[in-house]
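> entry36.pdb is reproduced in full below (PDB, N, CA, C and O atoms).
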MODEL        1
ATOM      1  N   ALA A   1      -8.715  10.575   7.122
ATOM      2  CA  ALA A   1      -9.815  10.016   6.353
ATOM      3  C   ALA A   1     -10.716  11.153   5.873
ATOM      4  O   ALA A   1     -10.884  12.152   6.560
ATOM      5  N   LYS A   2     -11.270  10.954   4.699
ATOM      6  CA  LYS A   2     -12.216  11.915   4.143
ATOM      7  C   LYS A   2     -13.512  11.170   3.836
ATOM      8  O   LYS A   2     -13.490  10.125   3.200
ATOM      9  N   LYS A   3     -14.608  11.685   4.289
ATOM     10  CA  LYS A   3     -15.899  11.059   4.044
ATOM     11  C   LYS A   3     -16.582  11.741   2.877
ATOM     12  O   LYS A   3     -16.783  12.954   2.885
ATOM     13  N   GLY A   4     -16.889  10.951   1.878
ATOM     14  CA  GLY A   4     -17.652  11.447   0.744
ATOM     15  C   GLY A   4     -19.103  11.009   0.898
ATOM     16  O   GLY A   4     -19.514  10.540   1.954
ATOM     17  N   LYS A   5     -19.874  11.144  -0.176
ATOM     18  CA  LYS A   5     -21.273  10.740  -0.118
ATOM     19  C   LYS A   5     -21.439   9.231  -0.195
ATOM     20  O   LYS A   5     -22.372   8.678   0.359
ATOM     21  N   LYS A   6     -20.509   8.556  -0.898
ATOM     22  CA  LYS A   6     -20.646   7.117  -1.088
ATOM     23  C   LYS A   6     -19.503   6.302  -0.507
ATOM     24  O   LYS A   6     -19.591   5.088  -0.434
ATOM     25  N   GLU A   7     -18.404   6.958  -0.124
ATOM     26  CA  GLU A   7     -17.257   6.211   0.359
ATOM     27  C   GLU A   7     -16.416   7.036   1.325
ATOM     28  O   GLU A   7     -16.575   8.249   1.417
ATOM     29  N   VAL A   8     -15.544   6.326   2.032
ATOM     30  CA  VAL A   8     -14.567   6.955   2.904
ATOM     31  C   VAL A   8     -13.197   6.688   2.297
ATOM     32  O   VAL A   8     -12.909   5.562   1.878
ATOM     33  N   VAL A   9     -12.368   7.720   2.234
ATOM     34  CA  VAL A   9     -11.032   7.598   1.664
ATOM     35  C   VAL A   9     -10.014   7.753   2.788
ATOM     36  O   VAL A   9     -10.038   8.739   3.529
ATOM     37  N   PHE A  10      -9.134   6.764   2.909
ATOM     38  CA  PHE A  10      -8.066   6.782   3.901
ATOM     39  C   PHE A  10      -6.741   6.967   3.174
ATOM     40  O   PHE A  10      -6.487   6.296   2.171
ATOM     41  N   ILE A  11      -5.908   7.872   3.666
ATOM     42  CA  ILE A  11      -4.616   8.152   3.039
ATOM     43  C   ILE A  11      -3.530   8.055   4.106
ATOM     44  O   ILE A  11      -3.624   8.694   5.151
ATOM     45  N   VAL A  12      -2.521   7.241   3.817
ATOM     46  CA  VAL A  12      -1.368   7.091   4.707
ATOM     47  C   VAL A  12      -0.138   7.397   3.867
ATOM     48  O   VAL A  12       0.069   6.803   2.815
ATOM     49  N   SER A  13       0.675   8.360   4.320
ATOM     50  CA  SER A  13       1.868   8.718   3.551
ATOM     51  C   SER A  13       3.062   8.877   4.470
ATOM     52  O   SER A  13       2.919   9.026   5.681
ATOM     53  N   ASP A  14       4.250   8.825   3.861
ATOM     54  CA  ASP A  14       5.474   9.026   4.618
ATOM     55  C   ASP A  14       6.429   9.882   3.801
ATOM     56  O   ASP A  14       6.125  10.255   2.667
ATOM     57  N   ASP A  15       7.578  10.186   4.364
ATOM     58  CA  ASP A  15       8.570  10.985   3.645
ATOM     59  C   ASP A  15       9.876  10.206   3.490
ATOM     60  O   ASP A  15      10.946  10.770   3.449
ATOM     61  N   GLY A  16       9.750   8.888   3.381
ATOM     62  CA  GLY A  16      10.908   8.012   3.218
ATOM     63  C   GLY A  16      11.425   7.985   1.781
ATOM     64  O   GLY A  16      11.261   8.937   1.024
ATOM     65  N   GLU A  17      11.987   6.858   1.407
ATOM     66  CA  GLU A  17      12.599   6.685   0.084
ATOM     67  C   GLU A  17      11.581   6.422  -1.013
ATOM     68  O   GLU A  17      11.911   6.455  -2.186
ATOM     69  N   GLY A  18      10.369   6.105  -0.656
ATOM     70  CA  GLY A  18       9.364   5.769  -1.653
ATOM     71  C   GLY A  18       9.422   4.290  -2.002
ATOM     72  O   GLY A  18      10.145   3.513  -1.379
ATOM     73  N   ILE A  19       8.679   3.909  -3.001
ATOM     74  CA  ILE A  19       8.564   2.519  -3.437
ATOM     75  C   ILE A  19       9.270   2.381  -4.775
ATOM     76  O   ILE A  19       9.090   3.227  -5.664
ATOM     77  N   ASP A  20      10.040   1.327  -4.923
ATOM     78  CA  ASP A  20      10.706   1.052  -6.197
ATOM     79  C   ASP A  20       9.635   1.050  -7.292
ATOM     80  O   ASP A  20       8.670   0.278  -7.222
ATOM     81  N   PRO A  21       9.749   1.910  -8.301
ATOM     82  CA  PRO A  21       8.729   2.007  -9.346
ATOM     83  C   PRO A  21       8.423   0.666 -10.028
ATOM     84  O   PRO A  21       7.290   0.428 -10.439
ATOM     85  N   GLN A  22       9.401  -0.223 -10.101
ATOM     86  CA  GLN A  22       9.172  -1.538 -10.723
ATOM     87  C   GLN A  22       8.274  -2.420  -9.869
ATOM     88  O   GLN A  22       7.685  -3.370 -10.358
ATOM     89  N   LYS A  23       8.153  -2.122  -8.584
ATOM     90  CA  LYS A  23       7.345  -2.943  -7.684
ATOM     91  C   LYS A  23       5.958  -2.361  -7.435
ATOM     92  O   LYS A  23       5.115  -3.021  -6.826
ATOM     93  N   LEU A  24       5.701  -1.154  -7.907
ATOM     94  CA  LEU A  24       4.399  -0.530  -7.662
ATOM     95  C   LEU A  24       3.239  -1.355  -8.211
ATOM     96  O   LEU A  24       2.189  -1.443  -7.578
ATOM     97  N   GLU A  25       3.412  -1.967  -9.377
ATOM     98  CA  GLU A  25       2.315  -2.715  -9.996
ATOM     99  C   GLU A  25       1.981  -4.001  -9.251
ATOM    100  O   GLU A  25       0.863  -4.488  -9.328
ATOM    101  N   THR A  26       2.966  -4.558  -8.544
ATOM    102  CA  THR A  26       2.744  -5.850  -7.888
ATOM    103  C   THR A  26       2.832  -5.773  -6.365
ATOM    104  O   THR A  26       2.829  -6.799  -5.692
ATOM    105  N   ILE A  27       2.865  -4.588  -5.815
ATOM    106  CA  ILE A  27       3.102  -4.429  -4.381
ATOM    107  C   ILE A  27       2.030  -5.089  -3.505
ATOM    108  O   ILE A  27       2.296  -5.511  -2.395
ATOM    109  N   PHE A  28       0.821  -5.239  -4.004
ATOM    110  CA  PHE A  28      -0.255  -5.838  -3.223
ATOM    111  C   PHE A  28      -0.407  -7.334  -3.462
ATOM    112  O   PHE A  28      -1.309  -7.957  -2.933
ATOM    113  N   GLU A  29       0.479  -7.916  -4.260
ATOM    114  CA  GLU A  29       0.390  -9.338  -4.585
ATOM    115  C   GLU A  29       1.195 -10.224  -3.647
ATOM    116  O   GLU A  29       1.157 -11.440  -3.760
ATOM    117  N   GLY A  30       1.959  -9.653  -2.737
ATOM    118  CA  GLY A  30       2.742 -10.440  -1.801
ATOM    119  C   GLY A  30       3.919 -11.132  -2.445
ATOM    120  O   GLY A  30       4.380 -12.160  -1.977
ATOM    121  N   ARG A  31       4.431 -10.562  -3.539
ATOM    122  CA  ARG A  31       5.534 -11.191  -4.270
ATOM    123  C   ARG A  31       6.868 -10.510  -3.992
ATOM    124  O   ARG A  31       7.670 -10.337  -4.887
ATOM    125  N   ILE A  32       7.116 -10.116  -2.777
ATOM    126  CA  ILE A  32       8.419  -9.545  -2.439
ATOM    127  C   ILE A  32       9.273 -10.696  -1.929
ATOM    128  O   ILE A  32       8.983 -11.292  -0.903
ATOM    129  N   TYR A  33      10.286 -11.041  -2.689
ATOM    130  CA  TYR A  33      11.116 -12.187  -2.362
ATOM    131  C   TYR A  33      12.232 -11.799  -1.411
ATOM    132  O   TYR A  33      12.678 -10.663  -1.387
ATOM    133  N   GLN A  34      12.685 -12.753  -0.648
ATOM    134  CA  GLN A  34      13.719 -12.543   0.356
ATOM    135  C   GLN A  34      14.915 -11.788  -0.226
ATOM    136  O   GLN A  34      15.443 -10.895   0.411
ATOM    137  N   GLY A  35      15.345 -12.096  -1.418
ATOM    138  CA  GLY A  35      16.492 -11.426  -2.028
ATOM    139  C   GLY A  35      16.220  -9.973  -2.380
ATOM    140  O   GLY A  35      17.143  -9.191  -2.563
ATOM    141  N   ASP A  36      14.960  -9.605  -2.483
ATOM    142  CA  ASP A  36      14.587  -8.236  -2.851
ATOM    143  C   ASP A  36      14.539  -7.306  -1.647
ATOM    144  O   ASP A  36      14.438  -6.108  -1.790
ATOM    145  N   GLN A  37      14.574  -7.852  -0.450
ATOM    146  CA  GLN A  37      14.378  -7.044   0.745
ATOM    147  C   GLN A  37      15.698  -6.545   1.311
ATOM    148  O   GLN A  37      16.710  -7.219   1.255
ATOM    149  N   SER A  38      15.646  -5.357   1.864
ATOM    150  CA  SER A  38      16.795  -4.828   2.584
ATOM    151  C   SER A  38      16.869  -5.525   3.938
ATOM    152  O   SER A  38      15.915  -6.155   4.372
ATOM    153  N   GLU A  39      17.978  -5.408   4.617
ATOM    154  CA  GLU A  39      18.112  -5.997   5.947
ATOM    155  C   GLU A  39      17.046  -5.439   6.888
ATOM    156  O   GLU A  39      16.486  -6.151   7.703
ATOM    157  N   PHE A  40      16.740  -4.159   6.762
ATOM    158  CA  PHE A  40      15.719  -3.530   7.611
ATOM    159  C   PHE A  40      14.370  -4.203   7.405
ATOM    160  O   PHE A  40      13.685  -4.548   8.355
ATOM    161  N   ASP A  41      13.970  -4.411   6.139
ATOM    162  CA  ASP A  41      12.678  -5.023   5.851
ATOM    163  C   ASP A  41      12.623  -6.471   6.309
ATOM    164  O   ASP A  41      11.586  -6.942   6.757
ATOM    165  N   LYS A  42      13.711  -7.206   6.178
ATOM    166  CA  LYS A  42      13.720  -8.601   6.609
ATOM    167  C   LYS A  42      13.429  -8.703   8.100
ATOM    168  O   LYS A  42      12.729  -9.594   8.543
ATOM    169  N   LYS A  43      13.954  -7.784   8.864
ATOM    170  CA  LYS A  43      13.739  -7.802  10.308
ATOM    171  C   LYS A  43      12.291  -7.495  10.653
ATOM    172  O   LYS A  43      11.795  -7.902  11.686
ATOM    173  N   ARG A  44      11.603  -6.754   9.817
ATOM    174  CA  ARG A  44      10.214  -6.369  10.094
ATOM    175  C   ARG A  44       9.220  -7.314   9.428
ATOM    176  O   ARG A  44       8.034  -7.077   9.455
ATOM    177  N   ASN A  45       9.694  -8.375   8.781
ATOM    178  CA  ASN A  45       8.830  -9.368   8.139
ATOM    179  C   ASN A  45       7.934  -8.765   7.062
ATOM    180  O   ASN A  45       6.760  -9.061   6.966
ATOM    181  N   MET A  46       8.476  -7.874   6.262
ATOM    182  CA  MET A  46       7.708  -7.255   5.190
ATOM    183  C   MET A  46       7.478  -8.276   4.078
ATOM    184  O   MET A  46       8.253  -9.178   3.878
ATOM    185  N   GLY A  47       6.424  -8.107   3.315
ATOM    186  CA  GLY A  47       6.214  -8.944   2.155
ATOM    187  C   GLY A  47       4.765  -9.271   1.898
ATOM    188  O   GLY A  47       4.278  -9.097   0.805
ATOM    189  N   ILE A  48       4.036  -9.766   2.909
ATOM    190  CA  ILE A  48       2.657 -10.166   2.652
ATOM    191  C   ILE A  48       1.641  -9.238   3.305
ATOM    192  O   ILE A  48       0.459  -9.336   3.029
ATOM    193  N   GLY A  49       2.079  -8.335   4.144
ATOM    194  CA  GLY A  49       1.146  -7.461   4.868
ATOM    195  C   GLY A  49       0.246  -6.648   3.961
ATOM    196  O   GLY A  49      -0.964  -6.564   4.184
ATOM    197  N   LEU A  50       0.816  -6.048   2.922
ATOM    198  CA  LEU A  50       0.002  -5.234   2.007
ATOM    199  C   LEU A  50      -0.962  -6.104   1.208
ATOM    200  O   LEU A  50      -2.076  -5.687   0.889
ATOM    201  N   SER A  51      -0.553  -7.331   0.906
ATOM    202  CA  SER A  51      -1.433  -8.259   0.208
ATOM    203  C   SER A  51      -2.644  -8.599   1.073
ATOM    204  O   SER A  51      -3.783  -8.624   0.598
ATOM    205  N   VAL A  52      -2.410  -8.833   2.358
ATOM    206  CA  VAL A  52      -3.501  -9.131   3.292
ATOM    207  C   VAL A  52      -4.436  -7.930   3.405
ATOM    208  O   VAL A  52      -5.662  -8.073   3.338
ATOM    209  N   CYS A  53      -3.863  -6.734   3.563
ATOM    210  CA  CYS A  53      -4.678  -5.514   3.647
ATOM    211  C   CYS A  53      -5.543  -5.345   2.406
ATOM    212  O   CYS A  53      -6.745  -5.063   2.503
ATOM    213  N   SER A  54      -4.933  -5.523   1.251
ATOM    214  CA  SER A  54      -5.661  -5.367  -0.009
ATOM    215  C   SER A  54      -6.806  -6.374  -0.110
ATOM    216  O   SER A  54      -7.913  -6.031  -0.543
ATOM    217  N   SER A  55      -6.567  -7.609   0.303
ATOM    218  CA  SER A  55      -7.612  -8.639   0.252
ATOM    219  C   SER A  55      -8.789  -8.284   1.149
ATOM    220  O   SER A  55      -9.949  -8.462   0.776
ATOM    221  N   ILE A  56      -8.504  -7.784   2.333
ATOM    222  CA  ILE A  56      -9.570  -7.394   3.266
ATOM    223  C   ILE A  56     -10.377  -6.234   2.698
ATOM    224  O   ILE A  56     -11.608  -6.232   2.734
ATOM    225  N   ILE A  57      -9.682  -5.257   2.143
ATOM    226  CA  ILE A  57     -10.370  -4.091   1.569
ATOM    227  C   ILE A  57     -11.228  -4.502   0.378
ATOM    228  O   ILE A  57     -12.380  -4.080   0.253
ATOM    229  N   LYS A  58     -10.694  -5.370  -0.495
ATOM    230  CA  LYS A  58     -11.478  -5.859  -1.641
ATOM    231  C   LYS A  58     -12.699  -6.650  -1.180
ATOM    232  O   LYS A  58     -13.762  -6.564  -1.793
ATOM    233  N   ALA A  59     -12.551  -7.434  -0.110
ATOM    234  CA  ALA A  59     -13.676  -8.218   0.417
ATOM    235  C   ALA A  59     -14.803  -7.310   0.893
ATOM    236  O   ALA A  59     -15.962  -7.716   0.906
ATOM    237  N   HIS A  60     -14.461  -6.079   1.251
ATOM    238  CA  HIS A  60     -15.458  -5.101   1.687
ATOM    239  C   HIS A  60     -15.833  -4.142   0.560
ATOM    240  O   HIS A  60     -16.343  -3.056   0.798
ATOM    241  N   LYS A  61     -15.542  -4.550  -0.669
ATOM    242  CA  LYS A  61     -15.877  -3.800  -1.886
ATOM    243  C   LYS A  61     -15.165  -2.448  -1.981
ATOM    244  O   LYS A  61     -15.690  -1.492  -2.537
ATOM    245  N   GLY A  62     -13.955  -2.392  -1.437
ATOM    246  CA  GLY A  62     -13.141  -1.182  -1.500
ATOM    247  C   GLY A  62     -11.998  -1.348  -2.498
ATOM    248  O   GLY A  62     -11.933  -2.335  -3.225
ATOM    249  N   ALA A  63     -11.118  -0.379  -2.514
ATOM    250  CA  ALA A  63      -9.977  -0.397  -3.419
ATOM    251  C   ALA A  63      -8.755   0.158  -2.693
ATOM    252  O   ALA A  63      -8.881   0.985  -1.784
ATOM    253  N   MET A  64      -7.570  -0.282  -3.122
ATOM    254  CA  MET A  64      -6.330   0.174  -2.504
ATOM    255  C   MET A  64      -5.336   0.532  -3.598
ATOM    256  O   MET A  64      -5.268  -0.136  -4.627
ATOM    257  N   ASN A  65      -4.562   1.595  -3.361
ATOM    258  CA  ASN A  65      -3.624   2.085  -4.349
ATOM    259  C   ASN A  65      -2.336   2.521  -3.652
ATOM    260  O   ASN A  65      -2.372   3.007  -2.523
ATOM    261  N   ALA A  66      -1.223   2.357  -4.345
ATOM    262  CA  ALA A  66       0.077   2.828  -3.839
ATOM    263  C   ALA A  66       0.708   3.715  -4.892
ATOM    264  O   ALA A  66       0.582   3.468  -6.095
ATOM    265  N   GLU A  67       1.397   4.748  -4.431
ATOM    266  CA  GLU A  67       2.088   5.645  -5.352
ATOM    267  C   GLU A  67       3.236   6.327  -4.636
ATOM    268  O   GLU A  67       3.293   6.339  -3.404
ATOM    269  N   ASN A  68       4.152   6.866  -5.406
ATOM    270  CA  ASN A  68       5.231   7.673  -4.848
ATOM    271  C   ASN A  68       4.811   9.133  -4.884
ATOM    272  O   ASN A  68       4.231   9.598  -5.861
ATOM    273  N   ARG A  69       5.095   9.838  -3.799
ATOM    274  CA  ARG A  69       4.756  11.258  -3.728
ATOM    275  C   ARG A  69       5.800  12.070  -4.491
ATOM    276  O   ARG A  69       6.981  11.731  -4.474
ATOM    277  N   LYS A  70       5.380  13.107  -5.160
ATOM    278  CA  LYS A  70       6.302  13.977  -5.911
ATOM    279  C   LYS A  70       7.369  14.570  -5.013
ATOM    280  O   LYS A  70       8.516  14.717  -5.401
ATOM    281  N   GLU A  71       6.990  14.900  -3.772
ATOM    282  CA  GLU A  71       7.920  15.519  -2.839
ATOM    283  C   GLU A  71       8.778  14.492  -2.098
ATOM    284  O   GLU A  71       9.555  14.839  -1.228
ATOM    285  N   GLY A  72       8.639  13.218  -2.434
ATOM    286  CA  GLY A  72       9.390  12.146  -1.797
ATOM    287  C   GLY A  72       8.498  11.334  -0.883
ATOM    288  O   GLY A  72       7.508  11.829  -0.350
ATOM    289  N   GLY A  73       8.838  10.093  -0.717
ATOM    290  CA  GLY A  73       8.046   9.208   0.119
ATOM    291  C   GLY A  73       6.972   8.490  -0.661
ATOM    292  O   GLY A  73       6.864   8.604  -1.881
ATOM    293  N   ALA A  74       6.182   7.717   0.057
ATOM    294  CA  ALA A  74       5.123   6.914  -0.549
ATOM    295  C   ALA A  74       3.776   7.305   0.021
ATOM    296  O   ALA A  74       3.676   7.909   1.093
ATOM    297  N   ARG A  75       2.733   6.946  -0.722
ATOM    298  CA  ARG A  75       1.362   7.201  -0.272
ATOM    299  C   ARG A  75       0.522   5.961  -0.580
ATOM    300  O   ARG A  75       0.529   5.460  -1.697
ATOM    301  N   MET A  76      -0.171   5.474   0.427
ATOM    302  CA  MET A  76      -1.131   4.384   0.267
ATOM    303  C   MET A  76      -2.513   4.990   0.460
ATOM    304  O   MET A  76      -2.758   5.718   1.423
ATOM    305  N   THR A  77      -3.403   4.693  -0.447
ATOM    306  CA  THR A  77      -4.770   5.186  -0.378
ATOM    307  C   THR A  77      -5.707   4.004  -0.463
ATOM    308  O   THR A  77      -5.502   3.121  -1.292
ATOM    309  N   PHE A  78      -6.701   3.983   0.405
ATOM    310  CA  PHE A  78      -7.724   2.963   0.234
ATOM    311  C   PHE A  78      -9.086   3.563   0.513
ATOM    312  O   PHE A  78      -9.223   4.519   1.260
ATOM    313  N   THR A  79     -10.062   3.010  -0.175
ATOM    314  CA  THR A  79     -11.432   3.488  -0.048
ATOM    315  C   THR A  79     -12.330   2.338   0.398
ATOM    316  O   THR A  79     -12.092   1.191   0.064
ATOM    317  N   LEU A  80     -13.357   2.685   1.144
ATOM    318  CA  LEU A  80     -14.375   1.742   1.561
ATOM    319  C   LEU A  80     -15.731   2.388   1.355
ATOM    320  O   LEU A  80     -15.925   3.557   1.690
ATOM    321  N   PRO A  81     -16.678   1.628   0.786
ATOM    322  CA  PRO A  81     -18.003   2.196   0.589
ATOM    323  C   PRO A  81     -18.721   2.395   1.920
ATOM    324  O   PRO A  81     -18.491   1.646   2.870
ATOM    325  N   LEU A  82     -19.566   3.386   1.985
ATOM    326  CA  LEU A  82     -20.326   3.649   3.210
ATOM    327  C   LEU A  82     -21.487   2.679   3.393
ATOM    328  O   LEU A  82     -21.859   2.366   4.502
ATOM    329  N   ALA A  83     -22.061   2.245   2.308
ATOM    330  CA  ALA A  83     -23.215   1.321   2.419
ATOM    331  C   ALA A  83     -22.798  -0.111   2.282
ATOM    332  O   ALA A  83     -21.840  -0.476   1.741
TER     333      ALA A  83
ENDMDL
END
In structure tokens, write the structure found in this file.


Amino acid sequence: AKKGKKEVVFIVSDDGEGIDPQKLETIFEGRIYQGDQSEFDKKRNMGIGLSVCSSIIKAHKGAMNAENRKEGGARMTFTLPLA
């Protein structure tokens, strides 16, 4: 986490396969359908978790973003205001 003057920025990244570029725009909407998931993701119940996280962050007047890292993997960033 990085603390600025008006907000705190949290960054979580990995070195996995990254996020399908076609799903980046809707990743926080909870629209990952059963047919779109790999067997690994189905076992972990993926699909609505990021939507829930995004809703909580928005309720606290923050923002959340997802992107693929140039060196591989994904990065999730979210900010929360200090006041």

> Which residues are near Ala66 of chain A? Cut-off 12 Å, only C-alpha atoms, ignore same chain within fewer than 4 positions. Put them as an MDAnalysis selection string.

chainID A and resid 10:14 18:21 23:28 50:51 54 73:78

> Between atom O of Glu7 of chain A and atom C of Gly30 of chain A, measure the distance and give it in Å to one decimal.

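Computing the Euclidean distance for atom O of Glu7 of chain A and atom C of Gly30 of chain A yields 28.5 Å.
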
> Could you write out as a PyMOL selection string the residues that the PyMOL selection byres ((chain A and resi 83) around 6) matches in the shown file?

chain A and resi 6+81-82

> Please report the interatomic distance between atom C of Ala59 of chain A and atom N of Val9 of chain A in Å with one decimal.

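Pair atom C of Ala59 of chain A / atom N of Val9 of chain A returns 15.3 Å.
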
> Please report the interatomic distance between atom CA of Lys2 of chain A and atom CA of Glu17 of chain A in Å with one decimal.

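Between atom CA of Lys2 of chain A and atom CA of Glu17 of chain A the gap is 25.7 Å.
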
> Given 6 Å on each side, where is the centre and what are the edge lengths in Å to one decimal of the axis-aligned box enclosing the listed atoms of segment 49-53 of chain A, as AutoDock Vina command-line options?


--center_x -2.3 --center_y -7.1 --center_z 2.5 --size_x 20.8 --size_y 16.1 --size_z 16.7

> For Thr79 of chain A, list every protein, DNA or RNA residue within 6 Å, evaluated using all atoms listed in the file, and leave out those in the same chain fewer than 3 positions away; present the list as a list in words.

Val8, Val9, Phe10, Ile57, Lys61, Gly62, Ala63 and Met64 of chain A
